[in-house]
Amino acid sequence: MKSNNLLWRWLGFIFVLSFGALGYLGWQIYQSAPPIPNQVVTTKGEVLFTGEQIRQGQQVWLAAGGQQQGSVWGHGAYLAPDWSADWLHREAVALRELRAKAIKSDPAALSAGERGAVDASLKEEMRANTYDAATGNVTVSPQRAQAIRETAAHYLALFGNDQSLDKLRSQYSMVEDNVPDRADREALAAFFFWTSWSATTDRPGETGLSYTSNWPHEPLVGNTLTASAAVWSMASIILLLAAIAAMLWLFGAGKHEDEPQPPKADPLAGVVATPSMKATRKYFFVVVGLILLQIAMGILTAHYTVEGNALFGIPLGEVLPYVTSRTIHTQVGIFWIATAWLATGLYLAPMLGGKEPKFQKLGVDFLFYALVAIVVGSTATGWLGTLQRSGTDFSFWLGNQGLEFTSMGRIWQYLLFVGLILWAVLLGRALWPALKTPSESRGLIAMVFLSATCIAGFYATSLTWGQHTHYSMVEYWRWWLVHLWVEGFFEVFATAAIALIFTKVGLVRASSANRAIVAETIVFLFGGILGTLHHLYFTGTPTSVIAIGAVFSALEVVPLTLIGLEALATWRRTQGVAWLQAYKWPVLFFVAVGFWNTVGAGLLGFAINPPAALYYVQGLNMTPAHGHAALFGVYGMLGIGLMLFCLRGLYARHLHADNLLKPAFWALNIGLAGMVFLSLLPAGIYQAWASITEGLWYARSPEIVQSAVMHTLVWMRVPGDIVFAGGAAILAVYVLRLLGRGGRREAKVPVGAATARR
């Protein structure tokens, strides 16, 4: 008991200290973010852009698709360019051409010395920080002003309806007249210029270090890997190896309790599902529908890569453009995983608490229909807003905010926040009897409740940015939500829920599970909270973000190895016990979580986490390779496993078609592996080669993205996609066969009888 109390104190200390450090670094980011000038002017006083245009341009870009249509500073979609890198290269080439022509009318006739002088003067001008804090102005030469005008003209035409760029729009899967108003297009160009200016301009008092730590790689202007990024990358690798070795040594050298012997009969066989537990059935049917929708949108989005805005000749992009299909694909993935986990909490709570609170079913039903309204409403308004070019205000409040994984309009975010608070209240009131009563499982139940409270409370981070918030701060708060909410507290919640499930069926002792979960949460949050910073290396943040992000993101990988070992050990304990075969497939999905945690989140995640690696591959297909393996492989498999466990208790055993779960399990895992290792990862490696040798602009250009090699790799997804979709379809058949068949037969043992034995 004393050791458990000590672990809880350490958990609280790590929590407070880590979030204090993350908050302090947020303040540093705010202080040192690239300045938005009042005006961009020439040395002759001619105004090119205003600060108001830059701010408005940020809103215009987000409303036009934002991170679902290309990326800025490496964050976003992968088909259209990274607009920061694209502008930077176009402007540098235009300025070099102008400077060369100033020497000779035929630039090809320049001598080697003259070309060297042009290149040197180009770097000098592009890197010079001419921001004047007193006036708030950035000053450029007349030659650079001309290069800026030429570059801006390209984007005015591209986001308009210039017919000469139809092929390029198709290659980017962009619609014609994406930004109809010329003033908005001019503001968009101002924003793209500012993101490029931040990426190449030296910070005050620094030489050779831009506001984005020299990202993207662009040799023309001297954007190359910094020494600090290289040093901290090496430090992170050494730390990772040392931490894993220490963890394995402690795990192997520590005293191990004898493995518990599973009971002779199913401890949960006599549990009667309460009305609120039965009310969670509909959540799981919605989960299956959302899985199928996500897969359909993923297939369509991938196909747009090779056929622009069409599907085998059908101009589907006119009614379902790339921006919409990708938004639905990414957002629905979060929706169905979260729904599965929320429903699991609502199912387990009365069982753990020992009784059904008054009006609990009413609350569960109300929450379900509220969540359905939010999912349908936010998807519909986002789609319609994109089709109708409804403008910046509509996009921010009701439509598509243009931010990856957090795209729904602000009103929908408010409603979802209220829904999550309601979920935490429903969970807490059902768990309260168990939280008040001393038991071996109380620590696990407390962890479920605390993580649920954090899930509800930390969703408030999605409400922290506004329409006029500096883009560096938008990214800072967005990753609080995406990383800490999804990859942090939801994972703690799910891990504690699995531990409770295993203790209930006798696979793990409650006392050892208590210690293990708190200890693993300490290790996970120690690396995970500050590990958030690895997403922010190149988003206009100080170099301290690189140092801290590199070190702590390496530590994130450490507990993932242990989870894989524990999952394998648990699976072995299920062998040879007849009644445990009823839980075979939920447990196997949990084992798959351990595998993908190690491979997808650990191996592929660390492959891109060190600053030196991410410098070259941020915004390339290495990221979706990690993302697919981690998001579906870890959180998706976890959601499916939890769903199968709950359905096992909600329907009589003879109603379950277990013969369908074997092909579903293997098809989902083999299909996911094929998708990642036959297509996404090779595509990412191919792009990384282009990024290292030429620059990021080239890796994201049509010359690479629309090359024969990349098209072949896209088609290589087809076998994996078919197998994966087949597995999802079989899973849907399994779940839908239960629909309408009625609940499990009422047993004589009340809910509290099972929980009394905990």
# chains A, B, ... in the order shown; residues from 1 in each chain; ligands from 1
$ residues_around --residues "Phe394 of chain A" --least-positions-apart "3" --cutoff "10 Å" --atoms "only C-alpha atoms" --output "ChimeraX atom specification"
/A:63,381-382,385-386,389-391,397-401,409-410
$ residues_around --residues "Val376 of chain A" --least-positions-apart "4" --cutoff "12 Å" --atoms "only C-alpha atoms" --output "list of chain:residue names"
A:Val286, A:Leu290, A:Ile328, A:Gln331, A:Val332, A:Phe335, A:Tyr369, A:Ala370, A:Leu371, A:Val372, A:Ala380, A:Thr381, A:Gly382, A:Trp383, A:Gly399, A:Met408, A:Trp412
$ residues_around --residues "Phe589 of chain A" --least-positions-apart "5" --cutoff "10 Å" --atoms "only C-alpha atoms" --output "PyMOL selection string"
chain A and resi 567+584+594-595+633-634+636-642+644+665-666+669
$ write_last_selection --atoms "N, CA and C atoms" --output "compact mmCIF listing (two decimals), in the first residue's frame"
# COMPACT_ATOMS: atom_id res chain seq x y z
N ALA A 567 1.37 -7.63 -23.29
CA ALA A 567 0.28 -8.17 -24.11
C ALA A 567 0.56 -9.62 -24.49
N LYS A 584 -11.23 -14.73 -26.59
CA LYS A 584 -10.02 -14.90 -27.40
C LYS A 584 -9.78 -13.71 -28.32
N GLY A 594 -0.38 -4.17 -28.81
CA GLY A 594 1.01 -4.23 -28.36
C GLY A 594 1.99 -4.28 -29.52
N PHE A 595 1.64 -5.06 -30.55
CA PHE A 595 2.50 -5.17 -31.73
C PHE A 595 2.62 -3.82 -32.44
N GLY A 633 -3.53 1.09 -36.01
CA GLY A 633 -2.89 -0.09 -35.42
C GLY A 633 -2.98 -0.12 -33.91
N VAL A 634 -2.83 1.05 -33.27
CA VAL A 634 -2.87 1.11 -31.81
C VAL A 634 -4.27 1.46 -31.32
N GLY A 636 -7.07 2.21 -33.05
CA GLY A 636 -8.17 1.53 -33.72
C GLY A 636 -8.35 0.10 -33.24
N MET A 637 -7.25 -0.66 -33.20
CA MET A 637 -7.33 -2.05 -32.71
C MET A 637 -7.79 -2.08 -31.26
N LEU A 638 -7.37 -1.09 -30.49
CA LEU A 638 -7.80 -1.00 -29.10
C LEU A 638 -9.30 -0.77 -29.02
N GLY A 639 -9.79 0.16 -29.85
CA GLY A 639 -11.23 0.43 -29.86
C GLY A 639 -12.04 -0.79 -30.27
N ILE A 640 -11.55 -1.53 -31.26
CA ILE A 640 -12.26 -2.73 -31.70
C ILE A 640 -12.25 -3.80 -30.60
N GLY A 641 -11.09 -3.98 -29.95
CA GLY A 641 -11.01 -4.95 -28.86
C GLY A 641 -11.96 -4.62 -27.73
N LEU A 642 -12.03 -3.34 -27.35
CA LEU A 642 -12.95 -2.92 -26.29
C LEU A 642 -14.39 -3.14 -26.72
N LEU A 644 -15.54 -5.39 -28.84
CA LEU A 644 -15.85 -6.83 -28.84
C LEU A 644 -16.06 -7.34 -27.42
N PHE A 665 -9.91 -10.30 -38.00
CA PHE A 665 -8.69 -9.93 -37.28
C PHE A 665 -7.48 -9.96 -38.19
N TRP A 666 -7.31 -11.07 -38.91
CA TRP A 666 -6.12 -11.20 -39.73
C TRP A 666 -6.16 -10.29 -40.95
N ASN A 669 -5.21 -6.69 -39.82
CA ASN A 669 -3.79 -6.55 -39.52
C ASN A 669 -2.90 -6.72 -40.74
$ select_by_dssp --residues "segment 124-211 of chain A" --states "strand (DSSP E or B)" --output "MDAnalysis selection string"
chainID A and resid 131:132 137:140 202 210
$ closest_residue --among "A:Ser170, A:Gln163, A:Ser233, A:Ser553" --to "Val523 of chain A" --atoms "only C-alpha atoms"
A:Ser553
$ select_by_dssp --residues "segment 107-337 of chain A" --states "helix (DSSP H, G or I)" --output "VMD selection string"
chain A and resid 107 to 109 112 to 127 142 to 158 163 to 172 182 to 200 219 to 221 227 to 253 275 to 278 281 to 307 316 to 318 322 to 337
$ atom_distance --atom1 "atom CA of His534 of chain A" --atom2 "atom CA of Ala494 of chain A"
23.6 Å
$ residues_around --residues "segment 140-144 of chain A" --least-positions-apart "3" --cutoff "12 Å" --atoms "only C-alpha atoms" --output "JSON, numbers by chain"
{"A": [39, 40, 41, 42, 43, 44, 45, 46, 47, 48, 49, 90, 91, 92, 93, 94, 95, 96, 97, 98, 99, 100, 101, 102, 121, 122, 123, 124, 125, 126, 127, 128, 129, 130, 131, 132, 137, 147, 148, 149, 150, 151, 193, 197, 201]}
$ closest_residue --among "A:Gly160, A:Gly70, A:Gly345, A:Pro180" --to "Phe192 of chain A" --atoms "only C-alpha atoms"
A:Gly70
$ closest_residue --among "A:Gln618, A:Thr195, A:Thr379, A:Thr280" --to "Gly363 of chain A" --atoms "only C-alpha atoms"
A:Thr280
$ residues_around --residues "Tyr322 of chain A" --least-positions-apart "5" --cutoff "7 Å" --atoms "only C-alpha atoms" --output "PyMOL selection string"
chain A and resi 173+301+304+317
$ closest_residue --among "A:Val179, A:Ile295, A:Ala108, A:Ala446" --to "Leu62 of chain A" --atoms "only C-alpha atoms"
A:Val179
$ closest_residue --among "A:Met716, A:Leu6, A:Leu422, A:Leu661" --to "Leu362 of chain A" --atoms "only C-alpha atoms"
A:Leu422
$ closest_residue --among "A:Ala64, A:Ile546, A:Gly354, A:Val364" --to "Leu387 of chain A" --atoms "only C-alpha atoms"
A:Ala64
$ residues_around --residues "His329 of chain A" --least-positions-apart "5" --cutoff "12 Å" --atoms "only C-alpha atoms" --output "list in words"
Gln68, Ala77, Leu290, Ile291, Leu292, Leu293, Gln294, Ile295, Ala296, Met297, Gly298, Ile299, Leu300, Thr301, Ala302, Tyr322, Val323, Thr324, Ile334, Phe335, Trp336, Thr379, Glu404, Phe405, Ser407 and His628 of chain A
$ residues_around --residues "Ser228 of chain A" --least-positions-apart "3" --cutoff "9 Å" --atoms "only C-alpha atoms" --output "ChimeraX atom specification"
/A:225,231-233,543,546-547,611
$ write_last_selection --atoms "N, CA and C atoms" --output "compact mmCIF listing (two decimals), in the first residue's frame"
# COMPACT_ATOMS: atom_id res chain seq x y z
N LEU A 225 20.48 21.78 -42.39
CA LEU A 225 20.32 21.26 -41.03
C LEU A 225 21.22 22.01 -40.06
N VAL A 231 22.98 17.53 -33.07
CA VAL A 231 23.47 17.11 -31.75
C VAL A 231 22.34 16.51 -30.91
N TRP A 232 21.19 17.18 -30.89
CA TRP A 232 20.09 16.66 -30.07
C TRP A 232 19.49 15.39 -30.65
N SER A 233 19.64 15.17 -31.94
CA SER A 233 19.21 13.90 -32.53
C SER A 233 20.07 12.76 -32.02
N THR A 543 14.84 27.40 -30.22
CA THR A 543 15.63 26.16 -30.34
C THR A 543 15.52 25.27 -29.12
N ILE A 546 13.49 22.21 -29.73
CA ILE A 546 14.16 21.08 -30.37
C ILE A 546 14.86 20.22 -29.33
N ALA A 547 15.57 20.85 -28.41
CA ALA A 547 16.31 20.09 -27.39
C ALA A 547 15.36 19.27 -26.52
N PRO A 611 15.15 15.36 -34.51
CA PRO A 611 15.14 16.58 -35.34
C PRO A 611 15.83 16.41 -36.68
$ decode --residues "segment 503-519 of chain A" --atoms "N, CA, C and O atoms" --output "short mmCIF file (atom, residue, chain, number, x, y, z; two decimals), in the first residue's frame"
data_model
loop_
_atom_site.label_atom_id
_atom_site.label_comp_id
_atom_site.auth_asym_id
_atom_site.auth_seq_id
_atom_site.Cartn_x
_atom_site.Cartn_y
_atom_site.Cartn_z
N THR A 503 -8.25 -8.00 -14.94
CA THR A 503 -8.41 -8.40 -13.54
C THR A 503 -9.75 -9.07 -13.32
O THR A 503 -9.87 -10.00 -12.52
N LYS A 504 -10.78 -8.60 -14.02
CA LYS A 504 -12.12 -9.17 -13.85
C LYS A 504 -12.19 -10.61 -14.33
O LYS A 504 -12.92 -11.43 -13.76
N VAL A 505 -11.45 -10.92 -15.40
CA VAL A 505 -11.49 -12.29 -15.90
C VAL A 505 -10.35 -13.13 -15.33
O VAL A 505 -10.15 -14.28 -15.75
N GLY A 506 -9.60 -12.58 -14.37
CA GLY A 506 -8.61 -13.36 -13.65
C GLY A 506 -7.29 -13.55 -14.34
O GLY A 506 -6.49 -14.40 -13.93
N LEU A 507 -7.00 -12.75 -15.38
CA LEU A 507 -5.72 -12.89 -16.06
C LEU A 507 -4.61 -12.11 -15.39
O LEU A 507 -3.43 -12.37 -15.60
N VAL A 508 -4.96 -11.11 -14.58
CA VAL A 508 -4.00 -10.26 -13.90
C VAL A 508 -4.49 -10.03 -12.48
O VAL A 508 -5.69 -9.87 -12.24
N ARG A 509 -3.55 -10.05 -11.51
CA ARG A 509 -3.93 -9.73 -10.13
C ARG A 509 -4.19 -8.23 -10.01
O ARG A 509 -3.45 -7.40 -10.54
N ALA A 510 -5.23 -7.89 -9.27
CA ALA A 510 -5.59 -6.48 -9.11
C ALA A 510 -4.46 -5.69 -8.45
O ALA A 510 -4.17 -4.56 -8.83
N SER A 511 -3.80 -6.29 -7.47
CA SER A 511 -2.74 -5.57 -6.75
C SER A 511 -1.57 -5.24 -7.67
O SER A 511 -1.05 -4.12 -7.66
N SER A 512 -1.16 -6.21 -8.49
CA SER A 512 -0.04 -5.96 -9.40
C SER A 512 -0.46 -5.03 -10.54
O SER A 512 0.33 -4.20 -11.00
N ALA A 513 -1.72 -5.16 -10.97
CA ALA A 513 -2.21 -4.28 -12.03
C ALA A 513 -2.23 -2.83 -11.56
O ALA A 513 -1.91 -1.91 -12.31
N ASN A 514 -2.61 -2.62 -10.29
CA ASN A 514 -2.62 -1.27 -9.72
C ASN A 514 -1.25 -0.62 -9.84
O ASN A 514 -1.11 0.51 -10.32
N ARG A 515 -0.23 -1.33 -9.37
CA ARG A 515 1.12 -0.79 -9.39
C ARG A 515 1.60 -0.58 -10.82
O ARG A 515 2.21 0.44 -11.15
N ALA A 516 1.33 -1.57 -11.68
CA ALA A 516 1.83 -1.50 -13.05
C ALA A 516 1.24 -0.32 -13.81
O ALA A 516 1.95 0.39 -14.52
N ILE A 517 -0.07 -0.10 -13.66
CA ILE A 517 -0.72 0.97 -14.40
C ILE A 517 -0.21 2.34 -13.96
O ILE A 517 0.08 3.22 -14.78
N VAL A 518 -0.07 2.54 -12.65
CA VAL A 518 0.41 3.83 -12.17
C VAL A 518 1.85 4.04 -12.62
O VAL A 518 2.22 5.13 -13.07
N ALA A 519 2.68 2.99 -12.52
CA ALA A 519 4.08 3.11 -12.93
C ALA A 519 4.19 3.40 -14.42
O ALA A 519 4.98 4.26 -14.85
#
